[in-house]
$ cat final.cif   # mmCIF, C-alpha atoms, pLDDT in the B column; chains and numbers go by the auth columns
data_my_file
loop_
_atom_site.group_PDB
_atom_site.id
_atom_site.type_symbol
_atom_site.label_atom_id
_atom_site.label_comp_id
_atom_site.label_asym_id
_atom_site.label_seq_id
_atom_site.Cartn_x
_atom_site.Cartn_y
_atom_site.Cartn_z
_atom_site.B_iso_or_equiv
_atom_site.auth_seq_id
_atom_site.auth_asym_id
ATOM 1 C CA MET A 1 13.088 -32.668 -13.248 56.00 1 F
ATOM 2 C CA PRO A 2 10.262 -30.108 -12.971 57.00 2 F
ATOM 3 C CA ASN A 3 6.916 -31.003 -14.495 63.00 3 F
ATOM 4 C CA ARG A 4 4.018 -28.923 -15.813 70.00 4 F
ATOM 5 C CA GLU A 5 2.512 -28.737 -12.313 86.00 5 F
ATOM 6 C CA THR A 6 5.618 -26.951 -11.060 92.00 6 F
ATOM 7 C CA PRO A 7 4.987 -23.176 -11.175 95.00 7 F
ATOM 8 C CA PHE A 8 6.597 -21.462 -14.165 96.00 8 F
ATOM 9 C CA TRP A 9 8.900 -19.363 -11.960 96.00 9 F
ATOM 10 C CA GLN A 10 10.397 -22.552 -10.541 95.00 10 F
ATOM 11 C CA ARG A 11 10.856 -24.351 -13.864 93.00 11 F
ATOM 12 C CA LYS A 12 11.911 -21.500 -16.161 94.00 12 F
ATOM 13 C CA ALA A 13 14.790 -19.087 -16.151 92.00 13 F
ATOM 14 C CA LEU A 14 13.789 -15.410 -16.259 91.00 14 F
ATOM 15 C CA SER A 15 15.085 -15.200 -19.825 89.00 15 F
ATOM 16 C CA GLU A 16 12.765 -18.052 -20.900 92.00 16 F
ATOM 17 C CA MET A 17 9.557 -16.523 -19.571 93.00 17 F
ATOM 18 C CA SER A 18 6.775 -15.267 -21.806 94.00 18 F
ATOM 19 C CA GLU A 19 5.775 -11.627 -21.567 92.00 19 F
ATOM 20 C CA SER A 20 2.707 -12.481 -19.455 95.00 20 F
ATOM 21 C CA GLU A 21 4.753 -14.703 -17.115 96.00 21 F
ATOM 22 C CA TRP A 22 7.355 -11.954 -16.758 94.00 22 F
ATOM 23 C CA GLU A 23 4.739 -9.307 -15.998 93.00 23 F
ATOM 24 C CA SER A 24 2.997 -11.545 -13.440 95.00 24 F
ATOM 25 C CA LEU A 25 6.213 -11.679 -11.408 96.00 25 F
ATOM 26 C CA CYS A 26 5.795 -8.026 -10.486 94.00 26 F
ATOM 27 C CA ASP A 27 4.428 -8.003 -6.939 95.00 27 F
ATOM 28 C CA GLY A 28 3.099 -4.449 -7.253 95.00 28 F
ATOM 29 C CA CYS A 29 5.216 -2.990 -4.461 95.00 29 F
ATOM 30 C CA GLY A 30 6.141 0.164 -6.415 95.00 30 F
ATOM 31 C CA ARG A 31 9.695 0.266 -5.068 94.00 31 F
ATOM 32 C CA CYS A 32 11.293 0.170 -8.509 91.00 32 F
ATOM 33 C CA CYS A 33 9.540 3.489 -9.220 94.00 33 F
ATOM 34 C CA LEU A 34 11.379 5.336 -6.456 95.00 34 F
ATOM 35 C CA HIS A 35 14.202 7.760 -7.071 94.00 35 F
ATOM 36 C CA ARG A 36 17.658 6.579 -6.109 92.00 36 F
ATOM 37 C CA LEU A 37 20.765 8.621 -5.426 92.00 37 F
ATOM 38 C CA GLN A 38 24.311 7.408 -5.906 90.00 38 F
ATOM 39 C CA ASP A 39 27.231 8.692 -3.881 91.00 39 F
ATOM 40 C CA GLU A 40 29.846 9.876 -6.371 91.00 40 F
ATOM 41 C CA ASP A 41 32.762 8.714 -4.209 93.00 41 F
ATOM 42 C CA SER A 42 31.599 5.402 -2.786 93.00 42 F
ATOM 43 C CA GLU A 43 29.128 4.594 -5.590 86.00 43 F
ATOM 44 C CA GLU A 44 26.708 3.446 -2.877 87.00 44 F
ATOM 45 C CA VAL A 45 23.064 3.728 -3.942 87.00 45 F
ATOM 46 C CA TYR A 46 20.428 5.187 -1.631 90.00 46 F
ATOM 47 C CA THR A 47 16.670 4.886 -2.060 92.00 47 F
ATOM 48 C CA THR A 48 14.319 7.755 -1.369 95.00 48 F
ATOM 49 C CA ASN A 49 10.620 7.949 -0.599 96.00 49 F
ATOM 50 C CA ILE A 50 10.147 10.020 -3.758 97.00 50 F
ATOM 51 C CA ALA A 51 8.107 8.284 -6.454 97.00 51 F
ATOM 52 C CA CYS A 52 8.030 8.761 -10.185 96.00 52 F
ATOM 53 C CA ARG A 53 5.228 11.096 -11.173 95.00 53 F
ATOM 54 C CA LEU A 54 3.488 8.222 -12.977 96.00 54 F
ATOM 55 C CA LEU A 55 3.213 6.020 -9.878 96.00 55 F
ATOM 56 C CA ASP A 56 -0.257 5.816 -8.382 95.00 56 F
ATOM 57 C CA THR A 57 0.781 5.960 -4.739 91.00 57 F
ATOM 58 C CA HIS A 58 -2.290 4.020 -3.565 92.00 58 F
ATOM 59 C CA SER A 59 -2.375 1.154 -6.056 93.00 59 F
ATOM 60 C CA CYS A 60 1.436 1.186 -6.487 94.00 60 F
ATOM 61 C CA GLN A 61 0.926 0.729 -10.221 94.00 61 F
ATOM 62 C CA CYS A 62 2.189 2.880 -13.073 94.00 62 F
ATOM 63 C CA GLY A 63 -0.422 5.354 -14.243 94.00 63 F
ATOM 64 C CA ASP A 64 0.573 4.854 -17.892 95.00 64 F
ATOM 65 C CA TYR A 65 2.581 1.641 -18.044 92.00 65 F
ATOM 66 C CA THR A 66 2.290 1.246 -21.820 91.00 66 F
ATOM 67 C CA ASN A 67 3.684 4.720 -22.553 94.00 67 F
ATOM 68 C CA ARG A 68 6.024 5.117 -19.591 93.00 68 F
ATOM 69 C CA LYS A 69 9.233 5.213 -21.673 91.00 69 F
ATOM 70 C CA LYS A 70 7.816 8.020 -23.819 94.00 70 F
ATOM 71 C CA ILE A 71 6.729 10.051 -20.793 94.00 71 F
ATOM 72 C CA VAL A 72 9.693 9.226 -18.542 93.00 72 F
ATOM 73 C CA PRO A 73 12.618 8.503 -20.907 91.00 73 F
ATOM 74 C CA ASP A 74 14.920 7.271 -18.113 89.00 74 F
ATOM 75 C CA CYS A 75 12.363 4.715 -16.874 90.00 75 F
ATOM 76 C CA ILE A 76 14.159 1.390 -16.724 84.00 76 F
ATOM 77 C CA GLN A 77 12.580 -1.553 -18.511 81.00 77 F
ATOM 78 C CA LEU A 78 13.734 -4.587 -16.587 82.00 78 F
ATOM 79 C CA ARG A 79 13.291 -7.046 -19.431 77.00 79 F
ATOM 80 C CA GLU A 80 16.015 -5.226 -21.352 64.00 80 F
ATOM 81 C CA GLN A 81 18.454 -5.247 -18.443 71.00 81 F
ATOM 82 C CA ASP A 82 21.242 -7.705 -17.780 71.00 82 F
ATOM 83 C CA LEU A 83 19.936 -9.997 -15.032 69.00 83 F
ATOM 84 C CA ARG A 84 23.253 -9.733 -13.202 71.00 84 F
ATOM 85 C CA LYS A 85 22.570 -6.022 -12.727 76.00 85 F
ATOM 86 C CA PHE A 86 19.347 -6.466 -10.747 77.00 86 F
ATOM 87 C CA ASP A 87 21.129 -5.707 -7.462 79.00 87 F
ATOM 88 C CA TRP A 88 19.705 -2.158 -7.478 81.00 88 F
ATOM 89 C CA LEU A 89 16.225 -3.614 -7.118 87.00 89 F
ATOM 90 C CA PRO A 90 14.817 -4.156 -3.632 88.00 90 F
ATOM 91 C CA TYR A 91 15.945 -7.408 -2.030 90.00 91 F
ATOM 92 C CA THR A 92 12.264 -8.402 -1.894 92.00 92 F
ATOM 93 C CA CYS A 93 11.672 -7.936 -5.652 92.00 93 F
ATOM 94 C CA ALA A 94 10.692 -11.155 -7.433 94.00 94 F
ATOM 95 C CA TYR A 95 12.953 -10.425 -10.404 93.00 95 F
ATOM 96 C CA ARG A 96 15.978 -10.017 -8.166 91.00 96 F
ATOM 97 C CA THR A 97 14.868 -12.890 -5.937 93.00 97 F
ATOM 98 C CA LEU A 98 14.674 -15.330 -8.849 94.00 98 F
ATOM 99 C CA ALA A 99 17.828 -13.977 -10.518 91.00 99 F
ATOM 100 C CA GLU A 100 19.670 -14.718 -7.252 91.00 100 F
ATOM 101 C CA GLY A 101 18.192 -18.237 -6.996 93.00 101 F
ATOM 102 C CA ARG A 102 15.951 -17.535 -3.998 95.00 102 F
ATOM 103 C CA ALA A 103 12.304 -18.559 -3.531 96.00 103 F
ATOM 104 C CA LEU A 104 9.412 -16.120 -3.722 97.00 104 F
ATOM 105 C CA GLU A 105 8.138 -14.853 -0.369 95.00 105 F
ATOM 106 C CA SER A 106 4.791 -16.141 0.933 96.00 106 F
ATOM 107 C CA TRP A 107 3.235 -12.678 0.534 96.00 107 F
ATOM 108 C CA HIS A 108 3.955 -12.604 -3.208 97.00 108 F
ATOM 109 C CA PRO A 109 0.634 -12.437 -5.107 97.00 109 F
ATOM 110 C CA LEU A 110 1.515 -15.520 -7.173 97.00 110 F
ATOM 111 C CA LEU A 111 1.651 -17.516 -3.935 97.00 111 F
ATOM 112 C CA SER A 112 -0.957 -15.729 -1.834 97.00 112 F
ATOM 113 C CA GLY A 113 -3.502 -15.362 -4.621 96.00 113 F
ATOM 114 C CA SER A 114 -4.130 -11.754 -3.613 96.00 114 F
ATOM 115 C CA ALA A 115 -2.749 -8.502 -5.028 94.00 115 F
ATOM 116 C CA GLU A 116 -3.274 -6.994 -1.560 96.00 116 F
ATOM 117 C CA SER A 117 -0.838 -9.350 0.183 97.00 117 F
ATOM 118 C CA VAL A 118 2.195 -7.228 -0.726 96.00 118 F
ATOM 119 C CA HIS A 119 0.531 -4.228 0.921 95.00 119 F
ATOM 120 C CA GLU A 120 -0.638 -6.233 3.948 95.00 120 F
ATOM 121 C CA ALA A 121 2.928 -7.486 4.451 94.00 121 F
ATOM 122 C CA GLY A 122 4.213 -3.899 4.553 92.00 122 F
ATOM 123 C CA ILE A 123 6.441 -4.407 1.521 93.00 123 F
ATOM 124 C CA SER A 124 4.813 -1.870 -0.806 94.00 124 F
ATOM 125 C CA VAL A 125 5.237 1.884 -0.864 95.00 125 F
ATOM 126 C CA ARG A 126 1.496 2.490 -0.332 96.00 126 F
ATOM 127 C CA GLY A 127 1.038 5.482 1.944 93.00 127 F
ATOM 128 C CA CYS A 128 4.791 5.972 2.381 94.00 128 F
ATOM 129 C CA VAL A 129 5.879 8.025 -0.631 96.00 129 F
ATOM 130 C CA ILE A 130 5.416 11.388 -2.274 95.00 130 F
ATOM 131 C CA SER A 131 5.423 12.311 -5.940 95.00 131 F
ATOM 132 C CA GLU A 132 8.544 13.775 -7.493 95.00 132 F
ATOM 133 C CA GLU A 133 6.356 16.670 -8.550 95.00 133 F
ATOM 134 C CA LEU A 134 6.230 17.807 -4.914 96.00 134 F
ATOM 135 C CA VAL A 135 9.983 17.779 -4.193 96.00 135 F
ATOM 136 C CA HIS A 136 12.675 20.035 -5.605 96.00 136 F
ATOM 137 C CA PRO A 137 15.578 17.952 -6.980 93.00 137 F
ATOM 138 C CA ASP A 138 17.992 19.741 -4.629 94.00 138 F
ATOM 139 C CA ASP A 139 16.009 18.334 -1.688 96.00 139 F
ATOM 140 C CA PHE A 140 16.067 14.645 -2.717 96.00 140 F
ATOM 141 C CA GLU A 141 18.834 13.835 -0.202 95.00 141 F
ATOM 142 C CA GLU A 142 16.458 14.764 2.613 96.00 142 F
ATOM 143 C CA HIS A 143 14.194 11.911 1.524 97.00 143 F
ATOM 144 C CA ILE A 144 16.615 8.968 1.776 94.00 144 F
ATOM 145 C CA VAL A 145 14.949 6.079 3.598 92.00 145 F
ATOM 146 C CA THR A 146 15.474 2.404 4.380 88.00 146 F
ATOM 147 C CA TRP A 147 12.651 0.090 3.371 83.00 147 F
ATOM 148 C CA VAL A 148 11.509 -3.143 5.035 75.00 148 F
ATOM 149 C CA GLY A 149 13.485 -6.022 3.575 71.00 149 F
ATOM 150 C CA ASP A 150 16.323 -3.869 2.208 70.00 150 F
ATOM 151 C CA GLU A 151 19.809 -5.107 2.909 58.00 151 F
#
$ encode --input "final.cif" --output "structure tokens"
Amino acid sequence: MPNRETPFWQRKALSEMSESEWESLCDGCGRCCLHRLQDEDSEEVYTTNIACRLLDTHSCQCGDYTNRKKIVPDCIQLREQDLRKFDWLPYTCAYRTLAEGRALESWHPLLSGSAESVHEAGISVRGCVISEELVHPDDFEEHIVTWVGDE
């Protein structure tokens, strides 16, 4: 049985976590802020290198996290989502990782102690994306990419 010295992410289910615990699971990669396209026939989802206009492409943090739903109405709030539907998230995402019963990666800031470790590991979108404000929606297909760690 886990004790108090066991990290919260190993002793609690995602649904049991406090707001601060939940938020600390975010590794700061920025991949959840990328536009995705779904093939109408196969329903396969493709990720682009096009970021939400609120994403700071250097820090990989939302520029207005508190008000993001007001500014970007279709922004997905993970806490409200059914945990079984996290498969659209990157394979490396802590929320998906824990929902699937896997252990956090060694580069995760909760393990490394550094917010930079996700960038150093090449997992984040830092330096690899462009803002949606610079791409016409008809051209999104030209920006489909495969990210490190994607399955």
$ closest_residue --input "final.cif" --among "F:Leu104, F:Cys75, F:Cys60, F:Leu111" --to "Tyr91 in chain F" --atoms "all atoms listed in the file"
F:Leu104
$ residues_around --input "final.cif" --residues "Val135 in chain F" --least-positions-apart "5" --cutoff "9 Å" --atoms "all atoms listed in the file" --output "compact mmCIF listing (two decimals) with C-alpha atoms, keeping the file's coordinate frame"
# COMPACT_ATOMS: atom_id res chain seq x y z
CA ILE F 50 10.15 10.02 -3.76
CA ILE F 130 5.42 11.39 -2.27
CA PHE F 140 16.07 14.64 -2.72
$ residues_around --input "final.cif" --residues "range 70-74 of chain F" --least-positions-apart "6" --cutoff "10 Å" --atoms "only C-alpha atoms" --output "PyMOL selection string"
chain F and resi 52-54+64
$ resolve_selection --input "final.cif" --expression "the PyMOL selection byres ((chain F and resi 58) around 9)" --output "mmCIF file with C-alpha atoms, keeping the file's coordinate frame"
data_model
loop_
_atom_site.group_PDB
_atom_site.id
_atom_site.type_symbol
_atom_site.label_atom_id
_atom_site.label_comp_id
_atom_site.auth_asym_id
_atom_site.auth_seq_id
_atom_site.Cartn_x
_atom_site.Cartn_y
_atom_site.Cartn_z
ATOM 1 C CA LEU F 55 3.213 6.020 -9.878
ATOM 2 C CA ASP F 56 -0.257 5.816 -8.382
ATOM 3 C CA THR F 57 0.781 5.960 -4.739
ATOM 4 C CA SER F 59 -2.375 1.154 -6.056
ATOM 5 C CA CYS F 60 1.436 1.186 -6.487
ATOM 6 C CA GLN F 61 0.926 0.729 -10.221
ATOM 7 C CA VAL F 125 5.237 1.884 -0.864
ATOM 8 C CA ARG F 126 1.496 2.490 -0.332
ATOM 9 C CA GLY F 127 1.038 5.482 1.944
#
$ residues_around --input "final.cif" --residues "Glu142 in chain F" --least-positions-apart "4" --cutoff "10 Å" --atoms "only C-alpha atoms" --output "MDAnalysis selection string"
chainID F and resid 48:49 135 138
$ residues_around --input "final.cif" --residues "Val118 in chain F" --least-positions-apart "5" --cutoff "12 Å" --atoms "only C-alpha atoms" --output "mmCIF file with C-alpha atoms, in the frame of the given file"
data_model
loop_
_atom_site.group_PDB
_atom_site.id
_atom_site.type_symbol
_atom_site.label_atom_id
_atom_site.label_comp_id
_atom_site.auth_asym_id
_atom_site.auth_seq_id
_atom_site.Cartn_x
_atom_site.Cartn_y
_atom_site.Cartn_z
ATOM 1 C CA CYS F 26 5.795 -8.026 -10.486
ATOM 2 C CA ASP F 27 4.428 -8.003 -6.939
ATOM 3 C CA GLY F 28 3.099 -4.449 -7.253
ATOM 4 C CA CYS F 29 5.216 -2.990 -4.461
ATOM 5 C CA GLY F 30 6.141 0.164 -6.415
ATOM 6 C CA ARG F 31 9.695 0.266 -5.068
ATOM 7 C CA SER F 59 -2.375 1.154 -6.056
ATOM 8 C CA CYS F 60 1.436 1.186 -6.487
ATOM 9 C CA THR F 92 12.264 -8.402 -1.894
ATOM 10 C CA CYS F 93 11.672 -7.936 -5.652
ATOM 11 C CA ALA F 94 10.692 -11.155 -7.433
ATOM 12 C CA LEU F 104 9.412 -16.120 -3.722
ATOM 13 C CA GLU F 105 8.138 -14.853 -0.369
ATOM 14 C CA SER F 106 4.791 -16.141 0.933
ATOM 15 C CA TRP F 107 3.235 -12.678 0.534
ATOM 16 C CA HIS F 108 3.955 -12.604 -3.208
ATOM 17 C CA PRO F 109 0.634 -12.437 -5.107
ATOM 18 C CA LEU F 110 1.515 -15.520 -7.173
ATOM 19 C CA LEU F 111 1.651 -17.516 -3.935
ATOM 20 C CA SER F 112 -0.957 -15.729 -1.834
ATOM 21 C CA GLY F 113 -3.502 -15.362 -4.621
ATOM 22 C CA ILE F 123 6.441 -4.407 1.521
ATOM 23 C CA SER F 124 4.813 -1.870 -0.806
ATOM 24 C CA VAL F 125 5.237 1.884 -0.864
ATOM 25 C CA ARG F 126 1.496 2.490 -0.332
ATOM 26 C CA VAL F 148 11.509 -3.143 5.035
#
$ build_atoms --input "final.cif" --residues "range 42-67 of chain F" --atoms "N, CA and C atoms" --output "CSV table (one decimal), in the coordinates of the input"
chain,number,residue,atom,x,y,z
F,42,SER,N,31.7,6.8,-3.2
F,42,SER,CA,31.6,5.4,-2.8
F,42,SER,C,30.8,4.6,-3.8
F,43,GLU,N,30.0,5.2,-4.6
F,43,GLU,CA,29.1,4.6,-5.6
F,43,GLU,C,28.0,3.9,-4.9
F,44,GLU,N,27.8,4.1,-3.6
F,44,GLU,CA,26.7,3.4,-2.9
F,44,GLU,C,25.4,4.1,-3.4
F,45,VAL,N,24.4,3.3,-3.5
F,45,VAL,CA,23.1,3.7,-3.9
F,45,VAL,C,22.1,3.8,-2.8
F,46,TYR,N,21.4,4.9,-2.7
F,46,TYR,CA,20.4,5.2,-1.6
F,46,TYR,C,19.0,5.3,-2.3
F,47,THR,N,18.0,4.8,-1.6
F,47,THR,CA,16.7,4.9,-2.1
F,47,THR,C,16.0,6.0,-1.3
F,48,THR,N,15.1,6.7,-2.0
F,48,THR,CA,14.3,7.8,-1.4
F,48,THR,C,12.9,7.3,-1.2
F,49,ASN,N,12.1,8.2,-0.7
F,49,ASN,CA,10.6,7.9,-0.6
F,49,ASN,C,9.9,8.8,-1.6
F,50,ILE,N,10.7,9.2,-2.7
F,50,ILE,CA,10.1,10.0,-3.8
F,50,ILE,C,9.8,9.1,-5.0
F,51,ALA,N,8.6,9.2,-5.4
F,51,ALA,CA,8.1,8.3,-6.5
F,51,ALA,C,8.0,9.0,-7.8
F,52,CYS,N,8.2,8.3,-8.8
F,52,CYS,CA,8.0,8.8,-10.2
F,52,CYS,C,6.6,9.4,-10.3
F,53,ARG,N,6.5,10.4,-11.0
F,53,ARG,CA,5.2,11.1,-11.2
F,53,ARG,C,4.1,10.2,-11.7
F,54,LEU,N,4.5,9.1,-12.4
F,54,LEU,CA,3.5,8.2,-13.0
F,54,LEU,C,3.0,7.2,-12.0
F,55,LEU,N,3.6,7.0,-10.8
F,55,LEU,CA,3.2,6.0,-9.9
F,55,LEU,C,2.0,6.5,-9.1
F,56,ASP,N,0.9,5.6,-9.2
F,56,ASP,CA,-0.3,5.8,-8.4
F,56,ASP,C,0.1,5.4,-7.0
F,57,THR,N,0.2,6.3,-6.1
F,57,THR,CA,0.8,6.0,-4.7
F,57,THR,C,-0.2,5.1,-3.9
F,58,HIS,N,-1.4,4.9,-4.3
F,58,HIS,CA,-2.3,4.0,-3.6
F,58,HIS,C,-2.2,2.6,-4.1
F,59,SER,N,-2.4,2.5,-5.4
F,59,SER,CA,-2.4,1.2,-6.1
F,59,SER,C,-1.0,0.6,-6.2
F,60,CYS,N,0.0,1.5,-6.2
F,60,CYS,CA,1.4,1.2,-6.5
F,60,CYS,C,1.6,0.6,-7.9
F,61,GLN,N,0.8,1.1,-8.8
F,61,GLN,CA,0.9,0.7,-10.2
F,61,GLN,C,1.2,2.0,-11.0
F,62,CYS,N,1.9,1.8,-12.2
F,62,CYS,CA,2.2,2.9,-13.1
F,62,CYS,C,0.9,3.4,-13.7
F,63,GLY,N,0.8,4.7,-13.7
F,63,GLY,CA,-0.4,5.4,-14.2
F,63,GLY,C,-0.5,5.3,-15.8
F,64,ASP,N,0.6,5.0,-16.4
F,64,ASP,CA,0.6,4.9,-17.9
F,64,ASP,C,1.7,3.9,-18.3
F,65,TYR,N,1.5,2.7,-17.9
F,65,TYR,CA,2.6,1.6,-18.0
F,65,TYR,C,3.0,1.5,-19.5
F,66,THR,N,2.0,1.5,-20.4
F,66,THR,CA,2.3,1.2,-21.8
F,66,THR,C,3.2,2.3,-22.4
F,67,ASN,N,3.0,3.6,-22.0
F,67,ASN,CA,3.7,4.7,-22.6
F,67,ASN,C,4.8,5.3,-21.6
